[in-house]
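upload-v5.cif, holding mmCIF, C-alpha atoms and all ligand atoms:
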```cif
data_work
loop_
_atom_site.label_atom_id
_atom_site.label_comp_id
_atom_site.auth_asym_id
_atom_site.auth_seq_id
_atom_site.Cartn_x
_atom_site.Cartn_y
_atom_site.Cartn_z
CA MET J 220 45.23 -7.82 -0.80
CA ASN J 221 47.48 -6.07 1.75
CA ASN J 222 44.61 -5.48 4.12
CA SER J 223 44.88 -7.14 7.49
CA LYS J 224 41.09 -7.30 7.71
CA PRO J 225 38.91 -9.39 5.41
CA LEU J 226 36.31 -8.26 2.91
CA VAL J 227 32.85 -7.25 4.12
CA VAL J 228 30.06 -7.11 1.52
CA ILE J 229 26.86 -5.19 2.33
CA THR J 230 23.82 -5.10 0.05
CA GLY J 231 21.36 -2.23 0.22
CA ALA J 232 24.03 0.19 1.40
CA SER J 233 22.42 3.32 -0.05
CA SER J 234 20.08 4.02 2.87
CA GLY J 235 18.69 2.85 6.20
CA PHE J 236 20.37 -0.05 7.99
CA GLY J 237 22.88 -0.71 5.20
CA ALA J 238 24.19 2.86 5.24
CA GLU J 239 24.67 2.65 9.03
CA MET J 240 26.47 -0.69 8.76
CA ALA J 241 28.78 0.74 6.11
CA GLN J 242 29.80 3.50 8.51
CA LEU J 243 30.44 1.12 11.44
CA PHE J 244 32.58 -1.33 9.47
CA ASN J 245 34.40 1.56 7.78
CA LYS J 246 35.37 3.04 11.17
CA ASP J 247 36.93 -0.33 12.01
CA GLY J 248 38.95 -0.31 8.79
CA TYR J 249 37.34 -3.26 6.98
CA PRO J 250 37.71 -3.32 3.21
CA MET J 251 34.17 -3.21 1.90
CA LEU J 252 32.05 -3.77 -1.15
CA LEU J 253 28.90 -1.65 -0.90
CA ILE J 254 26.12 -2.67 -3.25
CA ALA J 255 22.97 -0.77 -4.26
CA ARG J 256 21.23 0.40 -7.38
CA ARG J 257 21.50 4.07 -6.35
CA VAL J 258 25.30 4.16 -6.09
CA GLU J 259 25.35 7.95 -6.06
CA LYS J 260 23.73 7.81 -2.60
CA VAL J 261 26.41 5.41 -1.35
CA LYS J 262 29.14 7.72 -2.62
CA GLU J 263 27.67 10.54 -0.50
CA LEU J 264 28.04 8.59 2.76
CA PRO J 265 30.58 9.97 5.26
CA LEU J 266 33.16 7.20 4.68
CA ASN J 267 36.88 6.89 4.18
CA PHE J 268 36.71 5.48 0.65
CA ASP J 269 40.36 4.29 0.58
CA ASN J 270 39.43 0.62 0.79
CA VAL J 271 35.79 0.82 -0.23
CA MET J 272 34.41 -0.40 -3.53
CA VAL J 273 30.96 0.89 -4.48
CA ALA J 274 29.12 -1.14 -7.08
CA LYS J 275 25.79 -0.90 -8.80
CA ALA J 276 23.97 -4.20 -8.81
CA ASP J 277 20.45 -5.49 -8.47
CA VAL J 278 20.42 -8.43 -6.05
CA THR J 279 17.68 -10.10 -8.09
CA ASP J 280 20.11 -10.38 -11.01
CA LYS J 281 22.48 -13.14 -9.91
CA ASN J 282 25.01 -12.61 -12.70
CA GLU J 283 25.31 -8.90 -12.02
CA PHE J 284 25.46 -9.53 -8.25
CA GLU J 285 28.16 -12.18 -8.65
CA ALA J 286 30.26 -10.05 -11.02
CA VAL J 287 30.62 -7.20 -8.52
CA ILE J 288 31.52 -9.58 -5.69
CA ARG J 289 34.19 -11.31 -7.82
CA ASP J 290 35.66 -7.88 -8.71
CA ALA J 291 35.91 -6.94 -5.05
CA GLU J 292 37.39 -10.33 -4.14
CA ALA J 293 40.06 -9.91 -6.83
CA GLN J 294 41.14 -6.76 -5.03
CA TYR J 295 40.53 -7.55 -1.35
CA GLY J 296 40.52 -11.35 -1.09
CA PRO J 297 37.63 -13.68 -0.24
CA THR J 298 34.38 -12.40 1.25
CA ASP J 299 34.42 -13.08 4.98
CA LEU J 300 31.11 -11.37 5.76
CA LEU J 301 28.10 -10.96 3.49
CA VAL J 302 25.18 -8.98 4.88
CA ASN J 303 22.11 -9.73 2.79
CA ASN J 304 20.34 -6.54 3.81
CA ALA J 305 18.70 -5.25 0.60
CA GLY J 306 14.94 -5.49 0.86
CA VAL J 307 11.60 -3.92 0.10
CA MET J 308 8.32 -3.72 1.99
CA LEU J 309 5.26 -2.92 -0.09
CA LEU J 310 2.28 -2.96 2.26
CA GLY J 311 -1.13 -3.97 1.00
CA ASN J 312 -3.97 -6.45 1.14
CA VAL J 313 -3.85 -9.48 -1.09
CA TRP J 314 -7.42 -8.97 -2.35
CA ARG J 315 -6.41 -5.73 -4.03
CA GLN J 316 -2.61 -5.49 -4.19
CA ASP J 317 -0.90 -5.53 -7.58
CA PRO J 318 0.77 -8.97 -7.89
CA ASN J 319 3.83 -7.20 -9.30
CA GLU J 320 4.40 -5.89 -5.78
CA TRP J 321 4.40 -9.46 -4.40
CA GLN J 322 6.86 -10.42 -7.09
CA THR J 323 9.18 -7.52 -6.27
CA MET J 324 9.21 -8.46 -2.58
CA LEU J 325 9.73 -12.17 -3.14
CA ASP J 326 12.41 -11.55 -5.76
CA THR J 327 14.31 -9.04 -3.64
CA ASN J 328 13.80 -10.37 -0.13
CA VAL J 329 14.04 -14.10 -0.85
CA MET J 330 15.73 -14.62 -4.24
CA GLY J 331 18.20 -11.82 -3.47
CA VAL J 332 19.24 -13.55 -0.25
CA LEU J 333 19.54 -16.95 -1.97
CA ASN J 334 21.58 -15.38 -4.77
CA GLY J 335 24.01 -13.72 -2.39
CA THR J 336 24.31 -16.86 -0.31
CA GLN J 337 25.17 -19.08 -3.28
CA ILE J 338 27.73 -16.58 -4.57
CA VAL J 339 29.87 -16.69 -1.40
CA LEU J 340 28.97 -19.92 0.38
CA ASN J 341 31.01 -22.50 -1.56
CA ASP J 342 34.22 -20.62 -0.95
CA MET J 343 33.36 -20.08 2.73
CA MET J 344 32.75 -23.82 3.14
CA LYS J 345 36.07 -24.61 1.45
CA ARG J 346 37.90 -22.16 3.69
CA GLN J 347 35.91 -23.29 6.77
CA HIS J 348 35.49 -19.62 7.58
CA GLY J 349 32.92 -16.94 6.88
CA THR J 350 29.67 -15.37 7.99
CA ILE J 351 26.40 -14.55 6.26
CA ILE J 352 23.97 -12.31 8.12
CA ASN J 353 20.50 -12.03 6.65
CA MET J 354 18.29 -9.06 7.43
CA SER J 355 14.93 -10.56 8.28
CA SER J 356 12.25 -8.83 10.36
CA LEU J 357 9.91 -9.44 13.27
CA ALA J 358 7.55 -10.00 10.33
CA GLY J 359 9.65 -13.10 9.67
CA LYS J 360 8.36 -14.77 12.82
CA LYS J 361 4.95 -13.24 13.51
CA THR J 362 2.17 -11.80 11.41
CA PHE J 363 1.17 -8.17 10.87
CA VAL J 364 -2.02 -7.06 9.11
CA ASN J 365 -1.56 -5.41 5.69
CA HIS J 366 1.80 -7.22 5.36
CA ALA J 367 0.82 -10.62 3.89
CA ALA J 368 3.30 -10.84 1.01
CA TYR J 369 6.06 -9.13 3.01
CA VAL J 370 5.46 -11.55 5.90
CA ALA J 371 5.65 -14.41 3.39
CA SER J 372 9.01 -13.13 2.16
CA LYS J 373 10.47 -12.64 5.64
CA PHE J 374 9.19 -16.01 6.94
CA GLY J 375 11.09 -17.25 3.89
CA VAL J 376 14.25 -15.53 5.09
CA HIS J 377 13.88 -17.09 8.54
CA GLY J 378 13.27 -20.53 7.07
CA LEU J 379 16.08 -20.54 4.55
CA SER J 380 18.57 -19.05 7.02
CA GLU J 381 18.00 -21.66 9.71
CA THR J 382 18.01 -24.47 7.14
CA ILE J 383 21.31 -23.38 5.63
CA ARG J 384 22.77 -22.82 9.11
CA GLU J 385 22.08 -26.45 9.95
CA GLU J 386 23.59 -27.59 6.65
CA VAL J 387 26.88 -25.70 6.92
CA SER J 388 27.50 -25.61 10.66
CA ASP J 389 30.00 -28.47 10.35
CA LYS J 390 32.00 -26.34 7.90
CA ASN J 391 32.47 -23.69 10.58
CA VAL J 392 30.45 -21.17 8.54
CA ARG J 393 28.05 -18.93 10.44
CA ILE J 394 24.57 -18.13 9.11
CA ALA J 395 22.80 -15.58 11.30
CA MET J 396 19.84 -13.24 11.20
CA VAL J 397 18.82 -9.88 12.57
CA ALA J 398 15.06 -9.39 12.92
CA PRO J 399 14.21 -5.74 13.58
CA GLY J 400 10.90 -4.14 14.45
CA ALA J 401 9.75 -0.83 13.00
CA ALA J 402 12.63 1.56 12.35
CA GLU J 403 13.14 4.91 10.69
CA THR J 404 14.51 4.28 7.20
CA GLU J 405 13.36 4.79 3.61
CA LEU J 406 11.47 1.48 3.70
CA LEU J 407 7.98 3.01 3.83
CA THR J 408 8.63 5.47 1.00
CA HIS J 409 7.94 2.78 -1.63
CA VAL J 410 4.49 1.83 -0.32
CA THR J 411 1.78 2.63 -2.87
CA ASP J 412 -1.29 1.74 -0.77
CA ASN J 413 -2.12 4.87 1.21
CA GLU J 414 -4.65 3.12 3.42
CA ALA J 415 -2.04 0.57 4.50
CA LEU J 416 0.47 3.36 5.01
CA ASP J 417 -1.95 5.31 7.21
CA GLY J 418 -2.64 2.12 9.16
CA TYR J 419 1.09 1.64 9.77
CA GLN J 420 1.46 5.22 10.99
CA GLU J 421 -1.58 4.86 13.29
CA TRP J 422 -0.10 1.63 14.69
CA LYS J 423 3.17 3.44 15.46
CA ASP J 424 1.31 6.44 16.93
CA SER J 425 -0.72 4.11 19.15
CA MET J 426 2.56 3.12 20.81
CA GLY J 427 3.62 6.71 21.41
CA GLY J 428 5.23 7.18 17.99
CA ILE J 429 7.77 4.37 18.39
CA THR J 430 11.10 4.84 16.75
CA LEU J 431 14.16 2.62 16.45
CA ASP J 432 17.35 4.31 15.35
CA PRO J 433 18.85 2.24 12.47
CA VAL J 434 22.29 2.58 14.06
CA HIS J 435 21.28 0.03 16.72
CA VAL J 436 20.36 -2.48 14.04
CA ALA J 437 23.77 -1.93 12.46
CA GLU J 438 25.41 -2.43 15.86
CA SER J 439 23.58 -5.76 16.19
CA VAL J 440 25.01 -6.94 12.88
CA LYS J 441 28.50 -5.93 13.96
CA PHE J 442 28.06 -7.59 17.36
CA ILE J 443 27.23 -10.90 15.66
CA TYR J 444 30.24 -10.61 13.36
CA ASP J 445 32.66 -9.52 16.10
CA MET J 446 32.13 -12.74 18.05
CA PRO J 447 34.83 -15.37 17.46
CA GLN J 448 34.19 -17.59 14.41
CA GLU J 449 33.37 -20.53 16.68
CA VAL J 450 30.45 -18.60 18.23
CA ASN J 451 27.27 -18.03 16.24
CA ILE J 452 24.64 -15.66 17.57
CA ARG J 453 21.96 -17.19 15.39
CA GLU J 454 19.40 -14.42 15.65
CA ILE J 455 18.93 -11.04 17.22
CA ASP J 456 15.39 -9.69 17.52
CA ILE J 457 15.55 -5.96 18.09
CA ALA J 458 12.72 -3.47 18.41
CA ALA J 459 11.87 -0.22 20.13
CA THR J 460 11.03 -0.95 23.77
CA ARG J 461 7.60 0.58 23.25
CA GLN J 462 6.78 -1.68 20.29
CA ASP J 463 4.17 -4.07 21.71
CA SER J 464 3.85 -6.53 18.82
P1 LIG W 1 15.67 1.23 3.06
O1 LIG W 1 14.57 1.36 2.06
O2 LIG W 1 16.18 2.47 3.72
O3 LIG W 1 16.90 0.44 2.42
C1 LIG W 1 16.70 -0.64 1.54
C2 LIG W 1 17.99 -0.85 0.77
O4 LIG W 1 17.83 -1.97 -0.10
C3 LIG W 1 18.37 0.33 -0.08
O5 LIG W 1 19.74 0.57 0.06
C4 LIG W 1 18.05 -0.15 -1.50
O6 LIG W 1 19.00 0.41 -2.40
C5 LIG W 1 18.29 -1.63 -1.38
N1 LIG W 1 17.60 -2.41 -2.40
C6 LIG W 1 16.27 -2.58 -2.56
N2 LIG W 1 16.02 -3.37 -3.61
C7 LIG W 1 17.23 -3.72 -4.13
C8 LIG W 1 17.65 -4.52 -5.22
N3 LIG W 1 16.76 -5.14 -6.02
N4 LIG W 1 18.98 -4.66 -5.47
C9 LIG W 1 19.89 -4.03 -4.69
N5 LIG W 1 19.55 -3.26 -3.64
C10 LIG W 1 18.24 -3.11 -3.37
O7 LIG W 1 15.11 0.22 4.14
P2 LIG W 1 15.76 -0.49 5.43
O8 LIG W 1 17.12 -0.01 5.71
O9 LIG W 1 14.73 -0.39 6.47
O10 LIG W 1 15.78 -1.98 4.90
C11 LIG W 1 16.88 -2.86 5.01
C12 LIG W 1 16.37 -4.25 5.34
O11 LIG W 1 15.79 -4.23 6.65
C13 LIG W 1 15.29 -4.78 4.42
O12 LIG W 1 15.55 -6.15 4.15
C14 LIG W 1 14.01 -4.64 5.24
O13 LIG W 1 13.03 -5.56 4.86
C15 LIG W 1 14.54 -4.90 6.63
N6 LIG W 1 13.71 -4.41 7.74
C16 LIG W 1 13.39 -3.08 7.88
C17 LIG W 1 12.60 -2.65 8.94
C18 LIG W 1 12.21 -1.21 9.11
O14 LIG W 1 11.25 -0.93 9.85
N7 LIG W 1 12.90 -0.28 8.50
C19 LIG W 1 12.14 -3.59 9.96
C20 LIG W 1 12.55 -4.95 9.73
C21 LIG W 1 13.31 -5.32 8.68
P3 LIG W 1 18.70 0.94 -3.90
O15 LIG W 1 17.27 1.36 -3.95
O16 LIG W 1 19.67 2.08 -4.04
O17 LIG W 1 19.02 -0.23 -4.74
#
```
Take the structure in this file and express it as C-alpha cells.
Amino acid sequence: MNNSKPLVVITGASSGFGAEMAQLFNKDGYPMLLIARRVEKVKELPLNFDNVMVAKADVTDKNEFEAVIRDAEAQYGPTDLLVNNAGVMLLGNVWRQDPNEWQTMLDTNVMGVLNGTQIVLNDMMKRQHGTIINMSSLAGKKTFVNHAAYVASKFGVHGLSETIREEVSDKNVRIAMVAPGAAETELLTHVTDNEALDGYQEWKDSMGGITLDPVHVAESVKFIYDMPQEVNIREIDIAATRQDS
C-alpha cells in the first residue's frame, strides 16, 4: 500500500499484447497483477518483480478471477486500470466448426470481459476514478471471412464497451477499447482448421506479409491510460499500414 502508483491489472499477460503491456507498465513502476493460466510464462518475462503479483486464473471463472484481484487489492490498493486483454481466436466456418470452439471464444472474449468489468466497476464508480480498457479487434467493427464466431465475440466487446461507457461516464470512470489488426502473437497457434489458417496466411502474404509489432498495441493501451482521468480516448484502431481491410 506504500506505492505512489495505483494497481494495474492485465489479463492474458503470458504472451502477445499482454506480455508487452506488462513490460511497459513495469518500466513505469506500476504495481501490477498479471493474470494468465500459464503463469510460468509470465514469470519468465523480463520484469522487475518487486511489486508484481502473478496469478493463475481463468477469466471465464468469475470466482477465481475475482479472488486473485481481491488478493492484489489487499496488497496494492484498489484497481485503477483493468486491461481485459485475454482472448482467443479460433478460425473456422460455421457449417463445419466444432461448436465447442464458438463456446470457448464467446466465454473468453465476451464473458471474460464482463466478468472482469463487474469485479472492478462498482468500486471504480464509488471512487469516481478508474479505467477499463478492453482488447477488441478490427473484427469487432467489420467482418472477415472464416472468422464468424470470433467476429461475433468482438462485435460483442465493442457493443458492451460502448454501452457501459455511456452508463458510467457520469461517475468519471473511463471505458475504452483498442481494436488491432493482424499482429504477430501466439493467437494463431490455437487454430485447428488448417484451411482457415492457410487462408489467413495467404491474406497476409497478399499484403506483402503484413506485420504489426505487439509493442505498438501495448503503447496504445498505455497512451489511453496516461491521459488525465477527465479525458477518455474511447477507441484506438491500430493496424499495419499495409493492412488493407
Ligand atoms: P496471444 O495468444 O499471444 O495471447 C492471448 C492471452 O490470453 C494469453 O496470455 C493467454 O494466456 C490468455 N488467455 C486466453 N484464454 C484465457 C483464459 N480463459 N483465461 C485467462 N487467460 C486467457 O494473443 P494476443 O496477444 O494476440 O491476444 C490478446 C488479445 O488481442 C485477444 O483478446 C485477441 O483477440 C486480441 N487481438 C489480437 C490480434 C492479433 O492479430 N494478434 C488482433 C486483434 C485483436 P494463457 O493461455 O496462459 O491463459
Near range 317-322 of chain J, counting only C-alpha atoms, which residues have an atom at most 10 Å away, once you skip same-chain residues fewer than 2 positions from it, shown as number ranges by chain?
-> J: 307-315, 324-328, 367-369, 371-372, 410-412
Using all atoms listed in the file, determine which residues fall within 7 Å of ligand LIG 1 (chain W), then list them as a PyMOL selection string.
-> chain J and resi 230-237+254-258+276-279+304-308+327-328+354-357+398-406
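Each of J:Asn391, J:Asn365, J:Asn341, J:Thr382 was checked against Gln448 in chain J using only C-alpha atoms; the smallest atom-to-atom distance is that of J:Asn391.
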Do you know which residues are at most 8 Å from Met240 in chain J counting all atoms listed in the file, after dropping those on the same chain fewer than 2 positions away, and could you put them as a count of residues only?
-> 13
Mind giving me the straight-line distance from CA of Glu454 in chain J to CA of Met396 in chain J in Å, one decimal?
->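 Separation between CA of Glu454 in chain J and CA of Met396 in chain J: 4.6 Å.
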Closest of J:Val271, J:Ala358, J:Val370, J:Val387 to Lys345 in chain J - atom-to-atom distances counting only C-alpha atoms = J:Val387
Identify, on the basis of only C-alpha atoms, every residue whose closest approach to Glu449 in chain J does not exceed 12 Å; exclude the query and any residue fewer than 3 positions from it along the same chain; express the result as a ChimeraX atom specification.
-> /J:347-350,388-394,443-446,452-453
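You will find CA of Met344 in chain J at 16.8 Å from CA of Pro447 in chain J.
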Which residue gives the smallest distance to Gln294 in chain J among J:Leu252, J:Ala415, J:Leu379, J:Leu264, with only C-alpha atoms counted?
-> J:Leu252
Could you pull the residues within 9 Å of range 265-269 of chain J, counting only C-alpha atoms, minus those fewer than 2 positions along the same chain, as a PDB file with C-alpha atoms, keeping the file's coordinate frame?
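Output file around_1.pdb follows:
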```
ATOM      1  CA  ALA J 241      28.780   0.740   6.110  1.00  0.00           C
ATOM      2  CA  GLN J 242      29.800   3.500   8.510  1.00  0.00           C
ATOM      3  CA  ASN J 245      34.400   1.560   7.780  1.00  0.00           C
ATOM      4  CA  LYS J 246      35.370   3.040  11.170  1.00  0.00           C
ATOM      5  CA  GLY J 248      38.950  -0.310   8.790  1.00  0.00           C
ATOM      6  CA  PRO J 250      37.710  -3.320   3.210  1.00  0.00           C
ATOM      7  CA  LYS J 262      29.140   7.720  -2.620  1.00  0.00           C
ATOM      8  CA  GLU J 263      27.670  10.540  -0.500  1.00  0.00           C
ATOM      9  CA  VAL J 271      35.790   0.820  -0.230  1.00  0.00           C
ATOM     10  CA  MET J 272      34.410  -0.400  -3.530  1.00  0.00           C
ATOM     11  CA  VAL J 273      30.960   0.890  -4.480  1.00  0.00           C
TER      12      VAL J 273
END
```
Selection near Ala286 in chain J, 12 Å with only C-alpha atoms, sequence-local residues under 3 positions removed, as a list of chain:residue names | J:Leu252, J:Ile254, J:Ala274, J:Lys275, J:Ala276, J:Asp277, J:Val278, J:Asp280, J:Lys281, J:Asn282, J:Glu283, J:Arg289, J:Asp290, J:Ala291, J:Glu292, J:Ala293, J:Asn334, J:Gly335, J:Ile338, J:Val339
Distance of CA of Leu226 in chain J from CA of Phe374 in chain J, expressed in Å to one decimal place |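 The value is 28.5 Å.
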Counting all atoms listed in the file, the option among J:Thr460, J:Asn451, J:Asn413, J:Thr408 closest to Gly428 in chain J =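 Closest residue, counting all atoms listed in the file: J:Thr460.
Distance annotation: of J:Lys373, J:Lys224, J:Lys423, J:Lys260, the residue with the minimal separation from Leu300 in chain J is J:Lys224; atom set is all atoms listed in the file.
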Compare J:Gln462, J:Asn353, J:Thr362, J:Asn270 by their minimum atom-to-atom distance to Ile383 in chain J, counting all atoms listed in the file, and give me the closest one.
-> J:Asn353
Please rebuild range 268-283 of chain J with N, CA, C and O atoms and give the result as a compact mmCIF listing (two decimals), in the frame of the given file.
```txt
# COMPACT_ATOMS: atom_id res chain seq x y z
N PHE J 268 36.91 6.36 1.81
CA PHE J 268 36.71 5.48 0.65
C PHE J 268 38.00 4.78 0.18
O PHE J 268 38.00 4.13 -0.86
N ASP J 269 39.09 4.88 1.00
CA ASP J 269 40.36 4.29 0.58
C ASP J 269 40.26 2.81 0.24
O ASP J 269 40.85 2.35 -0.72
N ASN J 270 39.55 2.06 1.09
CA ASN J 270 39.43 0.62 0.79
C ASN J 270 37.96 0.21 0.65
O ASN J 270 37.53 -0.83 1.16
N VAL J 271 37.21 1.08 -0.01
CA VAL J 271 35.79 0.82 -0.23
C VAL J 271 35.50 0.78 -1.72
O VAL J 271 35.88 1.68 -2.46
N MET J 272 34.85 -0.30 -2.15
CA MET J 272 34.41 -0.40 -3.53
C MET J 272 32.89 -0.21 -3.53
O MET J 272 32.20 -0.84 -2.72
N VAL J 273 32.41 0.66 -4.39
CA VAL J 273 30.96 0.89 -4.48
C VAL J 273 30.52 0.34 -5.83
O VAL J 273 31.10 0.68 -6.86
N ALA J 274 29.51 -0.52 -5.81
CA ALA J 274 29.12 -1.14 -7.08
C ALA J 274 27.60 -1.16 -7.24
O ALA J 274 26.86 -1.44 -6.29
N LYS J 275 27.21 -0.87 -8.48
CA LYS J 275 25.79 -0.90 -8.80
C LYS J 275 25.41 -2.33 -9.18
O LYS J 275 25.98 -2.90 -10.12
N ALA J 276 24.48 -2.87 -8.44
CA ALA J 276 23.97 -4.20 -8.81
C ALA J 276 22.58 -4.36 -8.22
O ALA J 276 22.26 -3.82 -7.16
N ASP J 277 21.79 -5.14 -8.94
CA ASP J 277 20.45 -5.49 -8.47
C ASP J 277 20.57 -6.91 -7.91
O ASP J 277 21.00 -7.82 -8.65
N VAL J 278 20.22 -7.11 -6.65
CA VAL J 278 20.42 -8.43 -6.05
C VAL J 278 19.54 -9.51 -6.68
O VAL J 278 19.79 -10.70 -6.49
N THR J 279 18.53 -9.10 -7.43
CA THR J 279 17.68 -10.10 -8.09
C THR J 279 18.33 -10.63 -9.37
O THR J 279 17.85 -11.59 -9.95
N ASP J 280 19.38 -9.96 -9.81
CA ASP J 280 20.11 -10.38 -11.01
C ASP J 280 21.40 -11.07 -10.56
O ASP J 280 22.39 -10.43 -10.26
N LYS J 281 21.36 -12.41 -10.52
CA LYS J 281 22.48 -13.14 -9.91
C LYS J 281 23.80 -12.90 -10.64
O LYS J 281 24.86 -12.78 -10.00
N ASN J 282 23.76 -12.81 -11.96
CA ASN J 282 25.01 -12.61 -12.70
C ASN J 282 25.66 -11.28 -12.36
O ASN J 282 26.86 -11.19 -12.13
N GLU J 283 24.81 -10.24 -12.33
CA GLU J 283 25.31 -8.90 -12.02
C GLU J 283 25.85 -8.85 -10.59
O GLU J 283 26.93 -8.31 -10.31
```
